[in-house]
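Colleague: For reference, the file final.cif (mmCIF, C-alpha atoms) is included below:
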data_my_file
#
loop_
_atom_site.label_atom_id
_atom_site.label_comp_id
_atom_site.auth_asym_id
_atom_site.auth_seq_id
_atom_site.Cartn_x
_atom_site.Cartn_y
_atom_site.Cartn_z
CA MET A 1 1.44 -17.57 -22.78
CA ARG A 2 3.39 -16.07 -19.91
CA ASN A 3 0.34 -14.04 -18.86
CA VAL A 4 -1.99 -17.03 -19.30
CA TYR A 5 0.10 -19.19 -16.97
CA ALA A 6 0.22 -16.31 -14.50
CA LEU A 7 -3.55 -15.89 -14.66
CA ILE A 8 -4.13 -19.64 -14.13
CA SER A 9 -1.61 -19.71 -11.29
CA GLY A 10 -3.20 -16.71 -9.58
CA GLY A 11 -6.65 -18.24 -10.00
CA LEU A 12 -5.58 -21.57 -8.49
CA PHE A 13 -3.88 -19.72 -5.65
CA GLY A 14 -7.05 -17.74 -4.89
CA LEU A 15 -9.20 -20.86 -5.11
CA GLY A 16 -6.86 -22.73 -2.76
CA LEU A 17 -6.84 -19.88 -0.26
CA TRP A 18 -10.64 -19.88 -0.17
CA ILE A 19 -11.13 -23.64 0.02
CA SER A 20 -8.47 -24.03 2.70
CA GLY A 21 -10.13 -21.38 4.87
CA MET A 22 -6.98 -19.24 4.93
CA ILE A 23 -9.00 -16.14 4.04
CA ASP A 24 -10.57 -16.43 7.49
CA THR A 25 -8.38 -14.37 9.83
CA THR A 26 -9.53 -16.40 12.85
CA LYS A 27 -8.01 -19.55 11.34
CA VAL A 28 -4.66 -17.79 10.90
CA GLN A 29 -4.70 -16.20 14.33
CA GLY A 30 -6.00 -19.50 15.73
CA TRP A 31 -2.88 -21.24 14.39
CA LEU A 32 -0.64 -18.61 15.97
CA ASP A 33 -2.53 -18.61 19.28
CA VAL A 34 -0.92 -21.56 21.02
CA PHE A 35 -2.25 -20.42 24.42
CA GLY A 36 -5.84 -20.08 23.19
CA ASP A 37 -8.08 -22.33 21.13
CA TRP A 38 -5.27 -23.64 18.90
CA ASP A 39 -6.27 -24.36 15.29
CA PRO A 40 -3.90 -26.64 13.35
CA THR A 41 -5.51 -26.07 9.92
CA LEU A 42 -2.65 -23.90 8.63
CA ALA A 43 -0.20 -26.78 9.07
CA PHE A 44 -2.37 -28.94 6.80
CA VAL A 45 -2.51 -26.16 4.21
CA MET A 46 1.27 -25.72 4.28
CA GLY A 47 1.81 -29.47 4.15
CA GLY A 48 -0.62 -29.84 1.26
CA ALA A 49 1.00 -27.00 -0.68
CA ILE A 50 4.56 -28.22 -0.20
CA VAL A 51 3.87 -31.60 -1.86
CA PRO A 52 3.04 -30.42 -5.43
CA MET A 53 5.64 -27.68 -5.09
CA ALA A 54 8.38 -30.14 -4.12
CA ILE A 55 7.45 -32.29 -7.14
CA ALA A 56 7.60 -29.17 -9.33
CA TRP A 57 11.14 -28.37 -8.11
CA GLN A 58 12.16 -31.94 -8.97
CA LEU A 59 10.67 -31.51 -12.46
CA THR A 60 12.81 -28.42 -13.10
CA ARG A 61 15.93 -30.59 -13.29
CA GLY A 62 17.28 -30.83 -16.79
CA ARG A 63 14.35 -28.83 -18.17
CA LYS A 64 13.48 -25.30 -19.17
CA PRO A 65 10.37 -23.30 -18.27
CA LEU A 66 7.55 -23.72 -20.81
CA VAL A 67 7.89 -20.08 -21.93
CA GLY A 68 11.66 -20.46 -22.29
CA GLY A 69 14.48 -18.92 -20.29
CA ASN A 70 15.89 -20.55 -17.19
CA PHE A 71 14.66 -21.66 -13.80
CA PRO A 72 15.63 -19.45 -10.86
CA GLU A 73 18.93 -20.35 -9.23
CA ALA A 74 18.75 -21.21 -5.55
CA PRO A 75 19.83 -18.10 -3.62
CA ALA A 76 23.01 -18.38 -1.58
CA PRO A 77 22.10 -19.89 1.80
CA ARG A 78 23.00 -16.69 3.60
CA LEU A 79 20.69 -15.57 6.36
CA GLY A 80 21.54 -11.99 7.19
CA ARG A 81 19.83 -9.34 9.22
CA ASN A 82 17.26 -8.24 6.64
CA LEU A 83 15.82 -11.75 6.29
CA VAL A 84 15.43 -12.15 10.05
CA LEU A 85 14.28 -8.61 10.85
CA GLY A 86 11.91 -8.54 7.87
CA SER A 87 10.38 -11.87 8.82
CA VAL A 88 9.88 -10.73 12.42
CA LEU A 89 8.15 -7.53 11.28
CA PHE A 90 6.02 -9.49 8.81
CA GLY A 91 5.08 -12.01 11.52
CA MET A 92 3.98 -9.20 13.84
CA GLY A 93 1.67 -7.76 11.18
CA TRP A 94 0.42 -11.23 10.26
CA GLY A 95 -0.47 -11.94 13.88
CA LEU A 96 -2.11 -8.55 14.46
CA ALA A 97 -4.65 -8.82 11.65
CA GLY A 98 -4.42 -12.46 10.54
CA LEU A 99 -3.68 -11.35 6.97
CA CYS A 100 -0.70 -11.90 4.69
CA PRO A 101 -0.34 -10.60 1.12
CA GLY A 102 -2.02 -13.51 -0.76
CA PRO A 103 -5.21 -13.77 1.31
CA ALA A 104 -5.44 -9.97 1.53
CA MET A 105 -5.82 -9.88 -2.26
CA ALA A 106 -7.94 -13.04 -2.56
CA ALA A 107 -10.47 -11.87 0.05
CA VAL A 108 -10.72 -8.28 -1.14
CA GLY A 109 -14.38 -8.88 -2.03
CA LEU A 110 -15.20 -10.02 1.50
CA ASN A 111 -13.15 -7.74 3.73
CA GLY A 112 -14.94 -4.48 2.93
CA LEU A 113 -13.29 -1.18 3.79
CA GLY A 114 -10.88 -2.82 6.23
CA GLY A 115 -9.51 -5.05 3.48
CA LEU A 116 -8.86 -2.07 1.21
CA VAL A 117 -7.21 -0.16 4.05
CA PHE A 118 -4.97 -3.16 4.73
CA ILE A 119 -3.92 -3.39 1.07
CA ALA A 120 -3.22 0.38 0.96
CA ALA A 121 -1.15 0.20 4.17
CA MET A 122 0.70 -2.87 2.88
CA ALA A 123 1.47 -1.08 -0.41
CA ALA A 124 2.73 1.93 1.55
CA GLY A 125 5.00 -0.36 3.57
CA MET A 126 6.28 -2.03 0.40
CA PHE A 127 6.88 1.37 -1.17
CA ALA A 128 8.89 2.47 1.88
CA ALA A 129 10.85 -0.79 2.17
CA PRO A 130 13.76 0.09 -0.18
CA ALA A 131 14.40 3.31 1.78
CA VAL A 132 14.15 1.41 5.08
CA ARG A 133 16.66 -1.12 3.76
CA THR A 134 19.09 1.63 2.67
CA THR A 135 18.80 3.43 6.01
CA LEU A 136 19.35 0.19 7.92
CA ASP A 137 22.36 -0.76 5.83
CA ARG A 138 23.88 2.67 6.39
CA ALA A 139 23.31 2.62 10.15
CA VAL A 140 24.43 -0.96 10.75
CA PRO A 141 26.06 -2.58 7.71
CA ALA A 142 24.44 -5.94 7.08
CA GLU A 143 26.20 -9.27 6.77
CA MET B 1 -13.01 -29.50 12.95
CA GLU B 2 -12.04 -32.66 11.06
CA GLN B 3 -13.56 -31.20 7.90
CA ASP B 4 -11.40 -28.09 8.33
CA TRP B 5 -8.26 -30.22 8.06
CA ILE B 6 -9.47 -31.94 4.92
CA MET B 7 -10.42 -28.63 3.29
CA GLY B 8 -7.08 -27.22 4.43
CA LEU B 9 -5.22 -30.08 2.80
CA LEU B 10 -7.27 -29.78 -0.42
CA GLY B 11 -6.84 -26.02 -0.58
CA GLY B 12 -3.16 -26.44 0.19
CA LEU B 13 -2.75 -28.84 -2.74
CA LEU B 14 -4.31 -26.20 -5.02
CA ILE B 15 -1.94 -23.55 -3.65
CA GLY B 16 1.00 -25.86 -4.35
CA LEU B 17 -0.36 -26.52 -7.84
CA ALA B 18 -0.56 -22.76 -8.39
CA GLY B 19 3.11 -22.46 -7.45
CA ALA B 20 3.96 -25.39 -9.73
CA VAL B 21 2.24 -23.73 -12.72
CA PHE B 22 4.08 -20.47 -12.10
CA LEU B 23 7.41 -22.27 -11.76
CA LEU B 24 7.16 -24.81 -14.59
CA GLY B 25 5.31 -22.43 -16.92
CA ASN B 26 7.09 -19.13 -16.38
CA GLY B 27 10.19 -20.21 -14.50
CA ARG B 28 9.33 -17.97 -11.60
CA VAL B 29 8.90 -18.38 -7.85
CA MET B 30 5.32 -17.68 -6.81
CA GLY B 31 5.58 -15.17 -3.99
CA ALA B 32 2.61 -12.88 -3.40
CA SER B 33 4.65 -10.15 -1.68
CA GLY B 34 7.27 -10.13 -4.43
CA ILE B 35 4.68 -10.04 -7.20
CA ILE B 36 2.86 -7.11 -5.57
CA GLY B 37 5.98 -5.38 -4.28
CA GLY B 38 7.64 -5.30 -7.68
CA LEU B 39 4.68 -3.32 -9.00
CA VAL B 40 4.53 -0.99 -5.99
CA ASP B 41 8.21 0.03 -5.89
CA GLY B 42 8.69 -0.18 -9.67
CA SER B 43 11.42 -2.85 -9.49
CA GLY B 44 9.31 -5.38 -11.38
CA MET B 45 8.07 -3.27 -14.27
CA SER B 46 9.93 -5.33 -16.89
CA ASN B 47 7.39 -8.14 -16.41
CA LYS B 48 4.47 -6.14 -15.13
CA TRP B 49 1.82 -7.94 -17.21
CA GLU B 50 2.76 -11.28 -15.75
CA ARG B 51 2.34 -9.77 -12.27
CA ILE B 52 -0.94 -8.08 -13.13
CA SER B 53 -2.32 -11.28 -14.72
CA PHE B 54 -1.46 -13.24 -11.59
CA LEU B 55 -3.18 -10.68 -9.36
CA VAL B 56 -6.26 -10.57 -11.60
CA GLY B 57 -6.59 -14.37 -11.29
CA LEU B 58 -6.01 -14.19 -7.56
CA MET B 59 -8.75 -11.60 -7.03
CA VAL B 60 -11.29 -12.51 -9.70
CA VAL B 61 -11.57 -16.28 -9.22
CA PRO B 62 -12.57 -15.91 -5.55
CA LEU B 63 -15.03 -13.15 -6.48
CA ALA B 64 -16.67 -15.51 -8.98
CA LEU B 65 -17.09 -17.97 -6.10
CA LEU B 66 -18.95 -15.46 -3.94
CA PRO B 67 -22.43 -16.66 -5.01
CA VAL B 68 -21.46 -20.30 -4.32
CA TYR B 69 -20.17 -19.68 -0.82
CA GLU B 70 -23.28 -18.41 0.92
CA LYS B 71 -21.87 -17.22 4.19
CA VAL B 72 -18.16 -16.69 4.39
CA ASP B 73 -16.99 -14.48 7.20
CA THR B 74 -13.33 -13.54 7.21
CA HIS B 75 -13.63 -12.10 10.76
CA LEU B 76 -11.33 -9.21 9.89
CA THR B 77 -11.03 -6.82 12.82
CA SER B 78 -12.95 -3.57 12.50
CA ASN B 79 -10.19 -1.68 14.32
CA LEU B 80 -8.65 0.39 11.54
CA TRP B 81 -5.58 1.28 13.65
CA VAL B 82 -4.76 -2.40 13.99
CA ILE B 83 -5.33 -2.89 10.26
CA VAL B 84 -3.06 0.01 9.29
CA ALA B 85 -0.29 -1.10 11.65
CA ALA B 86 -0.58 -4.69 10.45
CA GLY B 87 -0.55 -3.66 6.78
CA VAL B 88 2.55 -1.48 7.11
CA LEU B 89 4.39 -4.20 9.06
CA VAL B 90 3.46 -6.85 6.48
CA GLY B 91 4.51 -4.55 3.61
CA VAL B 92 7.89 -3.48 5.02
CA GLY B 93 8.65 -6.89 6.54
CA THR B 94 7.96 -9.04 3.49
CA ARG B 95 10.02 -6.77 1.24
CA LEU B 96 12.96 -6.61 3.66
CA ALA B 97 12.86 -10.39 4.00
CA ASN B 98 12.22 -10.86 0.27
CA GLY B 99 9.25 -13.12 0.80
CA CYS B 100 6.15 -14.08 2.75
CA THR B 101 4.07 -17.18 3.43
CA SER B 102 3.93 -18.16 -0.25
CA GLY B 103 7.49 -17.35 -1.34
CA HIS B 104 9.47 -18.38 1.73
CA GLY B 105 6.87 -20.75 3.15
CA VAL B 106 5.48 -22.78 0.26
CA CYS B 107 8.14 -22.28 -2.43
CA GLY B 108 11.19 -22.02 -0.16
CA ILE B 109 10.53 -24.93 2.19
CA SER B 110 9.61 -27.23 -0.71
CA ARG B 111 13.11 -26.77 -2.16
CA LEU B 112 14.62 -27.08 1.33
CA SER B 113 15.92 -23.51 1.17
CA LEU B 114 17.64 -22.52 4.40
CA ARG B 115 16.44 -18.93 3.96
CA GLY B 116 12.85 -20.07 3.46
CA ILE B 117 12.91 -22.30 6.51
CA VAL B 118 14.50 -19.68 8.77
CA ALA B 119 12.12 -16.96 7.54
CA THR B 120 9.10 -19.20 8.15
CA VAL B 121 10.22 -20.09 11.67
CA MET B 122 10.83 -16.40 12.42
CA TYR B 123 7.48 -15.10 11.17
CA ILE B 124 5.54 -17.86 12.89
CA LEU B 125 7.38 -17.18 16.18
CA ALA B 126 6.86 -13.42 15.85
CA GLY B 127 3.21 -13.92 14.89
CA GLY B 128 2.62 -16.26 17.81
CA LEU B 129 4.20 -13.87 20.31
CA THR B 130 2.21 -10.98 18.82
CA VAL B 131 -1.11 -12.82 19.19
CA VAL B 132 -0.28 -13.87 22.74
CA PHE B 133 0.78 -10.33 23.71
CA PHE B 134 -2.02 -8.38 22.06
CA ARG B 135 -4.80 -10.89 22.69
CA HIS B 136 -4.09 -12.41 26.08
CA LEU B 137 -2.12 -9.64 27.77
CA LEU B 138 -3.60 -6.47 26.26
CA GLY B 139 -6.88 -7.85 24.94
CA VAL B 140 -6.92 -5.57 21.88
CA ILE B 141 -7.23 -8.18 19.11
#
For this file, produce the structure as structure tokens.
Modeller:
Amino acid sequence: MRNVYALISGGLFGLGLWISGMIDTTKVQGWLDVFGDWDPTLAFVMGGAIVPMAIAWQLTRGRKPLVGGNFPEAPAPRLGRNLVLGSVLFGMGWGLAGLCPGPAMAAVGLNGLGGLVFIAAMAAGMFAAPAVRTTLDRAVPAE
Amino acid sequence: MEQDWIMGLLGGLLIGLAGAVFLLGNGRVMGASGIIGGLVDGSGMSNKWERISFLVGLMVVPLALLPVYEKVDTHLTSNLWVIVAAGVLVGVGTRLANGCTSGHGVCGISRLSLRGIVATVMYILAGGLTVVFFRHLLGVI
């Protein structure tokens, strides 16, 4: 069942990304471009997504996941350098191309060669990330 | 424009529902970068089929929609240098920060996670500055 739920979840996620227009890089860059032709759609998408998700978090109380095990504990509310630096780097890439990991996968059939190059570059970055983290921690100890 | 907001809200509800299924079904936080990253760096091999199933759904359902949506243009830049730079930044950044728009944004904010909120503010600020700099000052995107 674990894989079935994952498949359904991924499918709904892809469907939502298409319907919301978030696979269109101009809508993402339009949201970020406050000095241009600002496009507020992304705020509606985020707002719409947070509602069912907030209900889901409420439903986790006193329950177990359907496949068994436990719900994830809330991480310690510690911010740290990696969270901030990582988010800044991610935001720069997001702004440059208007793509983040979900839509990059969902729109792979529409983005042609560029979409595949993005996914390959993203995978390379993810592959390098543990080494980057180790190097950073050695140079300037975090936290 | 008004229709864009409605479709955004509808699509957003589906994205939230996707996260709810992943959480209530499997007890896991739906984060695209974490699901992919765990396969890429090998840290998530213990539940690799769950990750692969999610990605299959994510890629195949939209492909099945292709005939329905006659003319969808994602307006992805054709500048491969920009695409490579953006991809590497997104890959390194999301893994350092342990999350992206889905994990920190949708799943984190909805549980009022301080980390999720701070990450979301930071990547939106950085993304905004990047668009302003590269579009309005340099004119390359």
Colleague: Would you please work out which residue, of A:Pro101, A:Thr134, A:Arg63, A:Glu73, is nearest to chain B when using only C-alpha atoms?
Modeller: A:Pro101
Colleague: Could you give me, as a list in words, the residues within 12 Å of Lys27 in chain A, counting only C-alpha atoms and dropping anything in the same chain fewer than 6 positions from it?
Modeller: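 Close residues of Lys27 in chain A: Leu17, Trp18, Ser20, Gly21, Asp33, Asp37, Trp38, Asp39, Pro40, Thr41, Leu42, Ala43, Phe44, Val45, Trp94, Gly95, Ala97, Gly98, Leu99 and Pro103 of chain A; Met1, Asp4, Trp5, Gly8, Asp73, Thr74, His75 and Leu76 of chain B.
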Colleague: Take the selection from the previous step and output its residues with C-alpha atoms, as a PDB file, keeping the file's coordinate frame.
Modeller:
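The file below, part.pdb, is the result:
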ATOM      1  CA  LEU A  17      -6.840 -19.880  -0.260  1.00  0.00           C
ATOM      2  CA  TRP A  18     -10.640 -19.880  -0.170  1.00  0.00           C
ATOM      3  CA  SER A  20      -8.470 -24.030   2.700  1.00  0.00           C
ATOM      4  CA  GLY A  21     -10.130 -21.380   4.870  1.00  0.00           C
ATOM      5  CA  ASP A  33      -2.530 -18.610  19.280  1.00  0.00           C
ATOM      6  CA  ASP A  37      -8.080 -22.330  21.130  1.00  0.00           C
ATOM      7  CA  TRP A  38      -5.270 -23.640  18.900  1.00  0.00           C
ATOM      8  CA  ASP A  39      -6.270 -24.360  15.290  1.00  0.00           C
ATOM      9  CA  PRO A  40      -3.900 -26.640  13.350  1.00  0.00           C
ATOM     10  CA  THR A  41      -5.510 -26.070   9.920  1.00  0.00           C
ATOM     11  CA  LEU A  42      -2.650 -23.900   8.630  1.00  0.00           C
ATOM     12  CA  ALA A  43      -0.200 -26.780   9.070  1.00  0.00           C
ATOM     13  CA  PHE A  44      -2.370 -28.940   6.800  1.00  0.00           C
ATOM     14  CA  VAL A  45      -2.510 -26.160   4.210  1.00  0.00           C
ATOM     15  CA  TRP A  94       0.420 -11.230  10.260  1.00  0.00           C
ATOM     16  CA  GLY A  95      -0.470 -11.940  13.880  1.00  0.00           C
ATOM     17  CA  ALA A  97      -4.650  -8.820  11.650  1.00  0.00           C
ATOM     18  CA  GLY A  98      -4.420 -12.460  10.540  1.00  0.00           C
ATOM     19  CA  LEU A  99      -3.680 -11.350   6.970  1.00  0.00           C
ATOM     20  CA  PRO A 103      -5.210 -13.770   1.310  1.00  0.00           C
TER      21      PRO A 103
ATOM     22  CA  MET B   1     -13.010 -29.500  12.950  1.00  0.00           C
ATOM     23  CA  ASP B   4     -11.400 -28.090   8.330  1.00  0.00           C
ATOM     24  CA  TRP B   5      -8.260 -30.220   8.060  1.00  0.00           C
ATOM     25  CA  GLY B   8      -7.080 -27.220   4.430  1.00  0.00           C
ATOM     26  CA  ASP B  73     -16.990 -14.480   7.200  1.00  0.00           C
ATOM     27  CA  THR B  74     -13.330 -13.540   7.210  1.00  0.00           C
ATOM     28  CA  HIS B  75     -13.630 -12.100  10.760  1.00  0.00           C
ATOM     29  CA  LEU B  76     -11.330  -9.210   9.890  1.00  0.00           C
TER      30      LEU B  76
END
Colleague: Given the file shown, determine the residues that the PyMOL selection byres ((chain B) within 6 of (chain A)) selects; report them as a PyMOL selection string.
Modeller: chain B and resi 5+7-9+11-18+20-22+24-27+32-33+37+40-41+50+53-54+57-59+61-62+74-76+83-84+86-94+96-97+106+110+114-115+119+122-123+126-128+130-131
Colleague: Could the centre and edge lengths of an axis-aligned box, enclosing all atoms of range 10-15 of chain A in the file with 4 Å extra on each side, be given in Å to one decimal as lines of an AutoDock Vina configuration file?
Modeller:
center_x = -6.2
center_y = -19.1
center_z = -7.4
size_x = 14.0
size_y = 12.9
size_z = 13.1
Colleague: Between CA of Leu10 in chain B and CA of Gly105 in chain B, what is the spacing in Å?
Modeller: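 Pair CA of Gly105 in chain B / CA of Leu10 in chain B returns 17.2 Å.
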Colleague: What does the structure give for the distance between CA of Gly99 in chain B and CA of Ile36 in chain B, in Å to one decimal?
Modeller: 10.8 Å
Colleague: Between CA of Ser102 in chain B and CA of Gly31 in chain B, measure the distance and give it in Å to one decimal.
Modeller: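 Taking CA of Ser102 in chain B and CA of Gly31 in chain B, their separation equals 5.1 Å.
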